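Okay, final-v6.txt now, which holds compact mmCIF, C-alpha atoms and all ligand atoms:
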# COMPACT_ATOMS: atom_id res chain seq x y z
CA MET A 1427 26.17 -3.17 60.26
CA ARG A 1428 28.06 -0.62 58.18
CA ASN A 1429 26.15 1.04 55.32
CA VAL A 1430 27.91 -0.07 52.09
CA TYR A 1431 27.34 3.34 50.51
CA VAL A 1432 29.18 5.19 53.30
CA PRO A 1433 32.88 5.60 52.55
CA VAL A 1434 35.51 4.79 55.16
CA PRO A 1435 37.91 7.67 55.95
CA ALA A 1436 41.44 7.20 54.66
CA LYS A 1437 44.48 9.45 54.94
CA ILE A 1438 46.90 10.14 52.09
CA ILE A 1439 50.38 9.37 53.43
CA ASP A 1440 52.33 9.65 50.18
CA ILE A 1441 51.86 11.01 46.66
CA LYS A 1442 54.12 10.02 43.80
CA ILE A 1443 54.08 11.93 40.54
CA GLU A 1444 54.26 9.27 37.84
CA THR A 1445 53.71 11.34 34.67
CA ARG A 1446 52.31 14.72 33.64
CA ASP A 1447 48.76 13.43 34.37
CA VAL A 1448 49.13 10.40 36.66
CA LYS A 1449 49.81 10.39 40.39
CA THR A 1450 49.96 7.43 42.79
CA TYR A 1451 48.33 7.88 46.20
CA ARG A 1452 49.27 5.77 49.21
CA LEU A 1453 46.39 5.58 51.68
CA VAL A 1454 45.97 4.32 55.22
CA PHE A 1455 42.60 3.75 56.83
CA GLU A 1456 41.54 5.92 59.73
CA TYR A 1457 38.75 3.63 60.80
CA ASP A 1458 39.28 0.93 63.41
CA GLY A 1459 37.46 -1.93 61.69
CA PHE A 1460 39.41 -1.27 58.48
CA ARG A 1461 42.87 -0.33 59.72
CA ASP A 1462 44.21 -3.85 60.08
CA ASP A 1463 41.50 -5.92 58.45
CA PHE A 1464 41.35 -4.43 54.96
CA SER A 1465 42.33 -7.13 52.51
CA PHE A 1466 41.81 -7.51 48.80
CA SER A 1467 42.91 -9.59 45.83
CA ALA A 1468 44.73 -8.32 42.74
CA GLY A 1469 42.19 -7.09 40.18
CA GLN A 1470 39.73 -5.59 42.67
CA PHE A 1471 38.82 -1.90 42.79
CA VAL A 1472 37.64 0.75 45.22
CA GLU A 1473 35.32 3.75 45.02
CA PHE A 1474 37.47 6.75 45.99
CA SER A 1475 35.67 9.91 47.10
CA VAL A 1476 36.74 13.49 47.57
CA PRO A 1477 34.52 15.30 50.07
CA ALA A 1478 32.13 17.78 48.40
CA VAL A 1479 33.25 16.71 44.91
CA GLY A 1480 32.31 13.11 44.17
CA GLU A 1481 33.41 9.53 43.77
CA SER A 1482 35.39 7.64 41.12
CA THR A 1483 36.49 4.06 40.54
CA PHE A 1484 40.15 2.98 40.73
CA CYS A 1485 41.80 -0.40 40.83
CA ILE A 1486 44.08 -1.12 43.75
CA ALA A 1487 47.56 -0.84 42.26
CA SER A 1488 49.51 -2.06 45.30
CA ALA A 1489 49.92 -5.77 46.00
CA PRO A 1490 47.70 -7.72 48.41
CA ASP A 1491 50.83 -8.39 50.52
CA ASP A 1492 51.62 -4.68 50.93
CA LYS A 1493 50.06 -4.62 54.38
CA GLY A 1494 48.90 -1.48 56.14
CA TYR A 1495 48.20 0.65 53.08
CA ILE A 1496 46.74 0.60 49.60
CA GLU A 1497 47.81 2.53 46.51
CA CYS A 1498 45.71 3.91 43.67
CA SER A 1499 47.18 5.50 40.55
CA VAL A 1500 44.94 8.22 39.21
CA LYS A 1501 44.99 9.69 35.71
CA LYS A 1502 43.56 13.21 35.55
CA VAL A 1503 40.69 13.16 33.04
CA GLY A 1504 37.75 15.07 34.56
CA LYS A 1505 35.98 16.45 37.60
CA VAL A 1506 36.81 13.95 40.36
CA THR A 1507 40.26 13.04 39.12
CA GLU A 1508 41.18 16.75 38.86
CA ALA A 1509 40.06 17.19 42.48
CA ILE A 1510 42.16 14.16 43.52
CA HIS A 1511 45.20 15.70 41.81
CA MET A 1512 44.76 18.81 43.99
CA LEU A 1513 44.99 16.77 47.21
CA GLU A 1514 48.05 16.79 49.43
CA VAL A 1515 49.69 14.44 51.93
CA ASP A 1516 47.63 14.27 55.17
CA ASN A 1517 44.37 15.12 53.36
CA MET A 1518 41.46 12.78 54.05
CA VAL A 1519 39.45 10.94 51.38
CA GLY A 1520 36.73 8.28 51.46
CA ILE A 1521 37.08 4.68 50.31
CA ARG A 1522 34.40 2.07 49.63
CA GLY A 1523 35.31 -1.49 48.72
CA PRO A 1524 37.15 -3.58 47.77
CA TYR A 1525 34.73 -4.57 45.04
CA GLY A 1526 34.68 -6.86 42.03
CA ASN A 1527 36.29 -10.17 41.23
CA CYS A 1528 40.02 -10.80 40.94
CA PHE A 1529 42.65 -12.39 38.73
CA PRO A 1530 42.59 -16.20 39.12
CA ILE A 1531 46.18 -16.50 40.31
CA GLU A 1532 45.83 -20.19 41.18
CA ASP A 1533 45.02 -20.96 37.51
CA MET A 1534 48.22 -19.20 36.44
CA LYS A 1535 50.52 -21.42 38.47
CA ASP A 1536 52.91 -23.66 36.49
CA LYS A 1537 52.17 -21.67 33.34
CA ASP A 1538 53.95 -18.99 31.32
CA VAL A 1539 52.37 -15.67 32.29
CA ILE A 1540 52.35 -12.79 29.81
CA PHE A 1541 51.32 -9.29 30.90
CA VAL A 1542 50.39 -6.81 28.17
CA GLY A 1543 49.71 -3.27 29.36
CA GLY A 1544 49.21 0.18 27.93
CA GLY A 1545 49.34 3.55 29.71
CA ILE A 1546 47.53 3.67 33.05
CA GLY A 1547 46.38 0.09 32.29
CA LEU A 1548 49.55 -1.06 34.03
CA ALA A 1549 47.92 -0.15 37.37
CA PRO A 1550 45.81 -3.32 37.85
CA LEU A 1551 48.56 -5.43 36.27
CA ARG A 1552 51.12 -4.02 38.72
CA SER A 1553 49.18 -5.44 41.68
CA LEU A 1554 49.20 -8.89 40.08
CA ILE A 1555 52.80 -8.65 38.80
CA ARG A 1556 53.99 -7.85 42.33
CA GLN A 1557 52.07 -10.82 43.69
CA VAL A 1558 53.38 -13.17 40.98
CA LEU A 1559 56.96 -11.99 41.54
CA SER A 1560 56.73 -12.60 45.27
CA GLY A 1561 55.93 -16.26 44.48
CA ARG A 1562 58.11 -16.38 41.35
CA GLU A 1563 58.90 -20.11 41.76
CA ASN A 1564 55.23 -21.01 41.14
CA PHE A 1565 55.21 -19.72 37.58
CA LYS A 1566 57.11 -20.57 34.41
CA LYS A 1567 58.28 -17.82 32.00
CA ILE A 1568 57.11 -14.31 32.85
CA THR A 1569 56.91 -11.69 30.10
CA ILE A 1570 55.87 -8.09 30.62
CA ILE A 1571 55.10 -6.01 27.54
CA TYR A 1572 54.25 -2.43 28.41
CA GLY A 1573 53.84 0.67 26.30
CA ALA A 1574 52.77 4.28 26.55
CA LEU A 1575 52.28 7.26 24.32
CA SER A 1576 55.75 8.59 25.13
CA VAL A 1577 58.69 7.98 27.47
CA GLN A 1578 57.27 10.60 29.82
CA ASP A 1579 53.93 8.72 29.95
CA LEU A 1580 55.39 5.44 31.25
CA VAL A 1581 54.13 4.87 34.80
CA TYR A 1582 56.05 3.15 37.66
CA LYS A 1583 59.42 3.98 36.07
CA ASP A 1584 61.42 2.73 39.10
CA GLU A 1585 59.71 -0.62 39.03
CA LEU A 1586 60.04 -0.92 35.25
CA GLU A 1587 63.77 -0.48 35.70
CA GLU A 1588 63.88 -3.14 38.44
CA TRP A 1589 61.91 -5.58 36.29
CA GLN A 1590 64.22 -4.94 33.34
CA LYS A 1591 67.25 -5.79 35.47
CA ARG A 1592 65.84 -9.17 36.54
CA ALA A 1593 67.08 -12.14 34.55
CA ASP A 1594 64.03 -14.21 35.49
CA ILE A 1595 61.54 -11.94 33.70
CA LYS A 1596 61.45 -10.64 30.16
CA THR A 1597 60.40 -6.99 30.22
CA VAL A 1598 59.81 -5.25 26.90
CA LEU A 1599 59.01 -1.55 26.95
CA THR A 1600 57.77 0.46 24.02
CA VAL A 1601 56.56 3.95 23.19
CA ASP A 1602 54.38 5.08 20.30
CA PRO A 1603 56.27 6.40 17.24
CA GLY A 1604 57.29 10.00 17.97
CA GLY A 1605 57.15 9.45 21.74
CA GLU A 1606 60.80 8.39 22.05
CA THR A 1607 63.61 10.50 23.51
CA ALA A 1608 67.21 10.63 22.24
CA ASP A 1609 68.37 8.21 24.97
CA TRP A 1610 65.40 5.81 24.77
CA LYS A 1611 66.63 2.20 24.66
CA GLY A 1612 63.26 0.45 24.42
CA ARG A 1613 61.18 -0.30 21.37
CA ILE A 1614 59.28 2.20 19.25
CA GLY A 1615 55.89 0.92 18.12
CA PHE A 1616 52.37 0.20 19.26
CA VAL A 1617 51.84 -2.47 21.90
CA PRO A 1618 50.03 -4.98 19.61
CA SER A 1619 52.89 -4.85 17.02
CA VAL A 1620 55.49 -5.31 19.74
CA LEU A 1621 53.48 -8.24 21.12
CA GLU A 1622 53.55 -9.79 17.65
CA GLU A 1623 57.34 -9.30 17.41
CA VAL A 1624 57.92 -10.81 20.86
CA SER A 1625 55.59 -13.62 19.81
CA PRO A 1626 55.07 -15.46 23.12
CA SER A 1627 54.03 -19.09 22.90
CA GLY A 1628 50.36 -19.96 23.36
CA THR A 1629 51.24 -23.35 24.87
CA ASN A 1630 50.57 -23.68 28.60
CA SER A 1631 50.32 -19.93 28.98
CA ILE A 1632 47.96 -17.22 30.09
CA VAL A 1633 47.83 -13.56 29.04
CA ILE A 1634 46.59 -10.67 31.16
CA THR A 1635 45.99 -7.42 29.34
CA CYS A 1636 44.77 -3.97 30.32
CA GLY A 1637 44.95 -0.64 28.53
CA PRO A 1638 42.93 1.68 26.33
CA PRO A 1639 40.02 -0.12 24.57
CA ILE A 1640 41.61 0.36 21.13
CA MET A 1641 44.82 -1.29 22.36
CA ILE A 1642 42.88 -4.19 23.87
CA LYS A 1643 40.99 -4.77 20.60
CA PHE A 1644 44.24 -5.05 18.59
CA VAL A 1645 45.99 -7.08 21.30
CA LEU A 1646 43.12 -9.59 21.13
CA LEU A 1647 43.47 -9.84 17.33
CA THR A 1648 47.23 -10.35 17.67
CA LEU A 1649 46.79 -13.03 20.35
CA ASP A 1650 44.33 -14.81 18.08
CA LYS A 1651 46.97 -14.74 15.30
CA LEU A 1652 49.57 -16.09 17.73
CA GLY A 1653 47.32 -19.05 18.52
CA PHE A 1654 45.98 -18.09 21.96
CA ALA A 1655 42.49 -19.39 22.75
CA PRO A 1656 39.95 -16.90 24.21
CA GLU A 1657 39.99 -18.81 27.51
CA GLN A 1658 43.73 -18.10 27.88
CA ILE A 1659 43.23 -14.34 27.75
CA LEU A 1660 42.15 -12.22 30.70
CA THR A 1661 41.38 -8.56 30.65
CA THR A 1662 40.09 -6.07 33.16
CA LEU A 1663 37.45 -3.64 31.95
CA GLU A 1664 37.17 -0.01 33.01
CA MET A 1665 33.60 0.86 32.05
CA LYS A 1666 31.96 3.89 33.65
CA MET A 1667 30.69 2.90 37.05
CA LYS A 1668 28.67 4.43 39.83
CA CYS A 1669 27.59 2.21 42.72
CA GLY A 1670 30.25 -0.49 42.31
CA ILE A 1671 27.94 -3.16 43.73
CA GLY A 1672 25.59 -4.14 40.89
CA GLN A 1673 22.67 -1.91 41.90
CA CYS A 1674 22.62 1.07 39.53
CA GLY A 1675 23.07 -0.57 36.11
CA ARG A 1676 25.59 2.06 34.90
CA CYS A 1677 28.35 -0.36 33.88
CA ASN A 1678 26.39 -3.07 32.05
CA VAL A 1679 27.83 -4.53 28.86
CA GLY A 1680 25.41 -7.00 27.28
CA ASN A 1681 24.04 -8.96 30.20
CA ILE A 1682 27.06 -8.53 32.46
CA TYR A 1683 27.69 -6.02 35.21
CA VAL A 1684 31.35 -5.01 35.03
CA CYS A 1685 31.35 -4.07 38.73
CA LYS A 1686 30.07 -7.31 40.17
CA ASP A 1687 30.69 -9.95 37.45
CA GLY A 1688 34.07 -8.33 36.68
CA PRO A 1689 36.10 -6.25 36.22
CA VAL A 1690 38.25 -9.29 35.31
CA PHE A 1691 36.92 -11.34 32.37
CA THR A 1692 38.27 -13.95 30.01
CA TYR A 1693 38.07 -12.99 26.35
CA SER A 1694 35.58 -15.85 25.84
CA GLN A 1695 33.20 -14.17 28.33
CA ILE A 1696 33.21 -10.78 26.57
CA LYS A 1697 33.86 -11.73 22.94
CA GLU A 1698 30.29 -11.07 21.80
CA PHE A 1699 30.23 -7.62 23.49
CA ILE A 1700 33.65 -6.46 22.31
CA GLU A 1701 32.26 -3.66 20.08
CA GLU A 1702 30.41 -2.16 23.09
CA ILE A 1703 33.64 -1.71 25.04
CA ASN A 1704 34.97 1.80 24.71
C1 LIG A 1801 37.08 -1.04 37.50
C2 LIG A 1801 37.71 0.27 37.11
C3 LIG A 1801 39.01 0.52 37.46
C4 LIG A 1801 39.60 1.75 37.12
N1 LIG A 1801 40.88 1.96 37.50
C5 LIG A 1801 41.47 3.13 37.22
C6 LIG A 1801 42.80 3.39 37.68
O1 LIG A 1801 43.44 2.56 38.32
N2 LIG A 1801 43.32 4.61 37.38
C7 LIG A 1801 42.64 5.57 36.68
O2 LIG A 1801 43.16 6.66 36.47
N3 LIG A 1801 41.39 5.34 36.23
C8 LIG A 1801 40.78 4.16 36.49
N4 LIG A 1801 39.49 3.94 36.08
C9 LIG A 1801 38.80 5.00 35.31
C10 LIG A 1801 38.30 6.07 36.29
O3 LIG A 1801 37.25 5.50 37.07
C11 LIG A 1801 37.76 7.29 35.52
O4 LIG A 1801 38.78 7.87 34.77
C12 LIG A 1801 37.23 8.32 36.50
O5 LIG A 1801 36.05 7.83 37.11
C13 LIG A 1801 36.90 9.63 35.79
O6 LIG A 1801 36.29 10.49 36.74
P1 LIG A 1801 36.24 12.06 36.54
O7 LIG A 1801 35.14 12.60 37.40
O8 LIG A 1801 37.58 12.67 36.73
O9 LIG A 1801 35.87 12.18 35.01
P2 LIG A 1801 34.52 12.72 34.37
O10 LIG A 1801 34.45 14.22 34.60
O11 LIG A 1801 33.36 11.88 34.81
O12 LIG A 1801 34.81 12.39 32.88
C14 LIG A 1801 35.91 12.96 32.18
C15 LIG A 1801 36.20 12.13 30.95
O13 LIG A 1801 36.60 10.81 31.32
C16 LIG A 1801 35.74 9.84 30.75
N5 LIG A 1801 35.53 8.76 31.72
C17 LIG A 1801 34.84 8.83 32.88
N6 LIG A 1801 34.83 7.63 33.50
C18 LIG A 1801 35.52 6.78 32.72
C19 LIG A 1801 35.87 5.41 32.79
N7 LIG A 1801 35.48 4.63 33.78
N8 LIG A 1801 36.61 4.90 31.79
C20 LIG A 1801 37.01 5.65 30.76
N9 LIG A 1801 36.71 6.95 30.63
C21 LIG A 1801 35.99 7.51 31.58
C22 LIG A 1801 34.46 10.59 30.44
O14 LIG A 1801 33.74 9.98 29.37
C23 LIG A 1801 34.98 11.94 30.04
O15 LIG A 1801 35.45 11.95 28.72
C24 LIG A 1801 38.88 2.74 36.40
C25 LIG A 1801 37.54 2.47 36.06
C26 LIG A 1801 36.97 1.27 36.43
C27 LIG A 1801 35.53 1.04 36.09

Show me, as structure tokens, the structure contained in the file I just sent.
Amino acid sequence: MRNVYVPVPAKIIDIKIETRDVKTYRLVFEYDGFRDDFSFSAGQFVEFSVPAVGESTFCIASAPDDKGYIECSVKKVGKVTEAIHMLEVDNMVGIRGPYGNCFPIEDMKDKDVIFVGGGIGLAPLRSLIRQVLSGRENFKKITIIYGALSVQDLVYKDELEEWQKRADIKTVLTVDPGGETADWKGRIGFVPSVLEEVSPSGTNSIVITCGPPIMIKFVLLTLDKLGFAPEQILTTLEMKMKCGIGQCGRCNVGNIYVCKDGPVFTYSQIKEFIEEIN
């Protein structure tokens, strides 16, 4: 039996520069048992290690149907992520996982689905959005509200453009005041205010949100104002993690382990711990 703490070797086959501090890595497994059998559900994460540096947690940003590879989008913030940003195509890394629970896609069927993302928080949403769009007929209205600090900080620009062109999805992009460029055609304002302006209906709908903790807090307040019940709101938490499998106790919030009980939670599950999320 494979030791769960031992990473599986994976090769970087493509690197896409998304923004000044985010890159997306496409990985293929160089380990027989994993090469064809690796499967995951949208919302799950992996532990990504750089030899001789360390390990960090990233959601899988590609879709479960993207067979043969996975993608992780990595924002450079510290030691491990800086080392990842130094890597090149053909370099080897280690992967453990997939870990954690996933978005309950079956519960979203026949409902309006509203995605609310901020910054690198679009990464876990992207996996789910791609899955939802590949079975578009199973869902009612789809709204994507996404914002970043500035135009330059928007991730997945090609896909954002594709989504904007589709008549069967409403895609609303925004940048923080001061982050616009002269030719910016999207909104200018913080994500929670734009959500309030768009004002999606809380009837037969579900919201999935991910972004910086401060954004999530205000998005939750706005959704409450718009009449959404806590059970209709899902978020994915990015607490500091170490083992990824509920052993080390690093990612606890209240009595939950984000790594094994989450990272996907309904607002009703985390409401009482909301002040601890940062
Ligand atoms: C389930 C989950 C999914 C995640 N998915 C992504 C993803 O798709 N893309 C991505 O870029 N990041 C993601 N993260 C955050 C990522 O794990 C951290 O940014 C990374 O571990 C930082 O490692 P480092 O060694 O570079 O930073 P460190 O040197 O350890 O720290 C540098 C700075 O980053 C802060 N930091 C460290 N870990 C976290 C964290 N988990 N959340 C917030 N701040 C942190 C530290 O407090 C410090 O200020 C995810 C985290 C979790 C738990």

Could you list, as a count of residues only, all protein and nucleic acid residues with an atom at most 8 Å from ligand LIG 1801 (chain A), counting only C-alpha atoms and all ligand atoms?
41

Given only C-alpha atoms, how would the per-residue table for range 1609-1649 of chain A near range 1569-1592 of chain A read, listing every residue at most 9 Å away with its closest atom pair and distance in Å to one decimal, sorted by chain and number, as a Markdown table?
| residue | atom | partner | partner_atom | distance |
| --- | --- | --- | --- | --- |
| A:Trp1610 | CA | A:Val1577 | CA | 7.6 |
| A:Arg1613 | CA | A:Gly1573 | CA | 8.9 |
| A:Gly1615 | CA | A:Gly1573 | CA | 8.4 |
| A:Phe1616 | CA | A:Gly1573 | CA | 7.2 |
| A:Val1617 | CA | A:Gly1573 | CA | 5.8 |
| A:Val1620 | CA | A:Ile1571 | CA | 7.8 |
| A:Leu1621 | CA | A:Ile1571 | CA | 7.0 |
| A:Val1624 | CA | A:Ile1571 | CA | 8.7 |
| A:Pro1626 | CA | A:Thr1569 | CA | 8.1 |

Dump C-alpha atoms for the selected residues as an mmCIF file, in the coordinates of the input?
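Output contents, as saved in selection-v4.cif:
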data_model
loop_
_atom_site.group_PDB
_atom_site.id
_atom_site.type_symbol
_atom_site.label_atom_id
_atom_site.label_comp_id
_atom_site.auth_asym_id
_atom_site.auth_seq_id
_atom_site.Cartn_x
_atom_site.Cartn_y
_atom_site.Cartn_z
ATOM 1 C CA TRP A 1610 65.400 5.810 24.770
ATOM 2 C CA ARG A 1613 61.180 -0.300 21.370
ATOM 3 C CA GLY A 1615 55.890 0.920 18.120
ATOM 4 C CA PHE A 1616 52.370 0.200 19.260
ATOM 5 C CA VAL A 1617 51.840 -2.470 21.900
ATOM 6 C CA VAL A 1620 55.490 -5.310 19.740
ATOM 7 C CA LEU A 1621 53.480 -8.240 21.120
ATOM 8 C CA VAL A 1624 57.920 -10.810 20.860
ATOM 9 C CA PRO A 1626 55.070 -15.460 23.120
#

Quick one: of A:Lys1651, A:Lys1567, A:Lys1686, A:Arg1556, who's nearest to Asp1492 in chain A, counting only C-alpha atoms?
A:Arg1556

Residue nearest Val1679 in chain A - candidates A:Phe1541, A:Tyr1457, A:Phe1565, A:Phe1691, atoms counted: only C-alpha atoms:
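The shortest atom-to-atom distance to Val1679 in chain A comes from A:Phe1691.
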
Restricting the calculation to all atoms listed in the file, which member of A:Val1479, A:Met1641, A:Ile1540, A:Cys1528 is positioned closest to Val1690 in chain A?
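The answer is A:Cys1528, which sits nearest to Val1690 in chain A.
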
With distances taken over all atoms listed in the file, which residue among A:Cys1674, A:Ile1438, A:Ile1642, A:Ile1510 lies nearest Pro1477 in chain A?
A:Ile1510

Interatomic distance, CA of Val1542 in chain A to CA of Asp1440 in chain A (Å, one decimal)
27.6 Å

Restricting the calculation to all atoms listed in the file, which member of A:Lys1596, A:Lys1437, A:Arg1552, A:His1511 is positioned closest to Phe1529 in chain A?
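Among A:Lys1596, A:Lys1437, A:Arg1552, A:His1511, it is A:Arg1552 that comes nearest to Phe1529 in chain A.
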
Expressed in Å to a single decimal, how great is the separation between CA of Arg1452 in chain A and CA of Val1432 in chain A?
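Computed distance, CA of Arg1452 in chain A to CA of Val1432 in chain A, equals 20.5 Å.
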
So how far away is CA of Lys1566 in chain A from CA of Leu1646 in chain A, in Å?
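A separation of 22.2 Å between them.
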
With only C-alpha atoms as the basis for distance, which of A:Ile1614, A:Val1519, A:Ile1443, A:Ile1700 is at the shortest distance from Glu1473 in chain A?
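Between A:Ile1614, A:Val1519, A:Ile1443, A:Ile1700, the residue approaching Glu1473 in chain A most closely is A:Val1519.
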
As a list in words, please: the residues near Met1518 in chain A (cut-off 10 Å, all atoms listed in the file, same-chain neighbours under 6 positions excluded).
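My list of contacting residues is Pro1435, Ala1436, Lys1437, Ile1438, Ile1439, Leu1453, Val1454, Phe1455, Glu1456, Ser1475, Val1476 and Pro1477 of chain A.
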
At a cut-off of 12 Å, using all atoms listed in the file, what residues contact Lys1697 in chain A? Leave out same-chain residues fewer than 3 positions from it and give the result as a PDB file with C-alpha atoms, in the frame of the given file.
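Result file is around_21.pdb:
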ATOM      1  CA  ILE A1642      42.880  -4.190  23.870  1.00  0.00           C
ATOM      2  CA  LYS A1643      40.990  -4.770  20.600  1.00  0.00           C
ATOM      3  CA  LEU A1646      43.120  -9.590  21.130  1.00  0.00           C
ATOM      4  CA  LEU A1647      43.470  -9.840  17.330  1.00  0.00           C
ATOM      5  CA  ASP A1650      44.330 -14.810  18.080  1.00  0.00           C
ATOM      6  CA  ALA A1655      42.490 -19.390  22.750  1.00  0.00           C
ATOM      7  CA  PRO A1656      39.950 -16.900  24.210  1.00  0.00           C
ATOM      8  CA  GLU A1657      39.990 -18.810  27.510  1.00  0.00           C
ATOM      9  CA  ILE A1659      43.230 -14.340  27.750  1.00  0.00           C
ATOM     10  CA  LEU A1660      42.150 -12.220  30.700  1.00  0.00           C
ATOM     11  CA  THR A1661      41.380  -8.560  30.650  1.00  0.00           C
ATOM     12  CA  VAL A1679      27.830  -4.530  28.860  1.00  0.00           C
ATOM     13  CA  GLY A1680      25.410  -7.000  27.280  1.00  0.00           C
ATOM     14  CA  PHE A1691      36.920 -11.340  32.370  1.00  0.00           C
ATOM     15  CA  THR A1692      38.270 -13.950  30.010  1.00  0.00           C
ATOM     16  CA  TYR A1693      38.070 -12.990  26.350  1.00  0.00           C
ATOM     17  CA  SER A1694      35.580 -15.850  25.840  1.00  0.00           C
ATOM     18  CA  ILE A1700      33.650  -6.460  22.310  1.00  0.00           C
ATOM     19  CA  GLU A1701      32.260  -3.660  20.080  1.00  0.00           C
ATOM     20  CA  GLU A1702      30.410  -2.160  23.090  1.00  0.00           C
ATOM     21  CA  ILE A1703      33.640  -1.710  25.040  1.00  0.00           C
TER      22      ILE A1703
END

First collect every listed atom of range 1553-1572 of chain A; then fit an axis-aligned box around them, widen it by 4 Å on each side, and give centre and edge lengths in Å to one decimal, as lines of an AutoDock Vina configuration file.
center_x = 54.0
center_y = -11.7
center_z = 36.4
size_x = 17.7
size_y = 26.6
size_z = 25.7
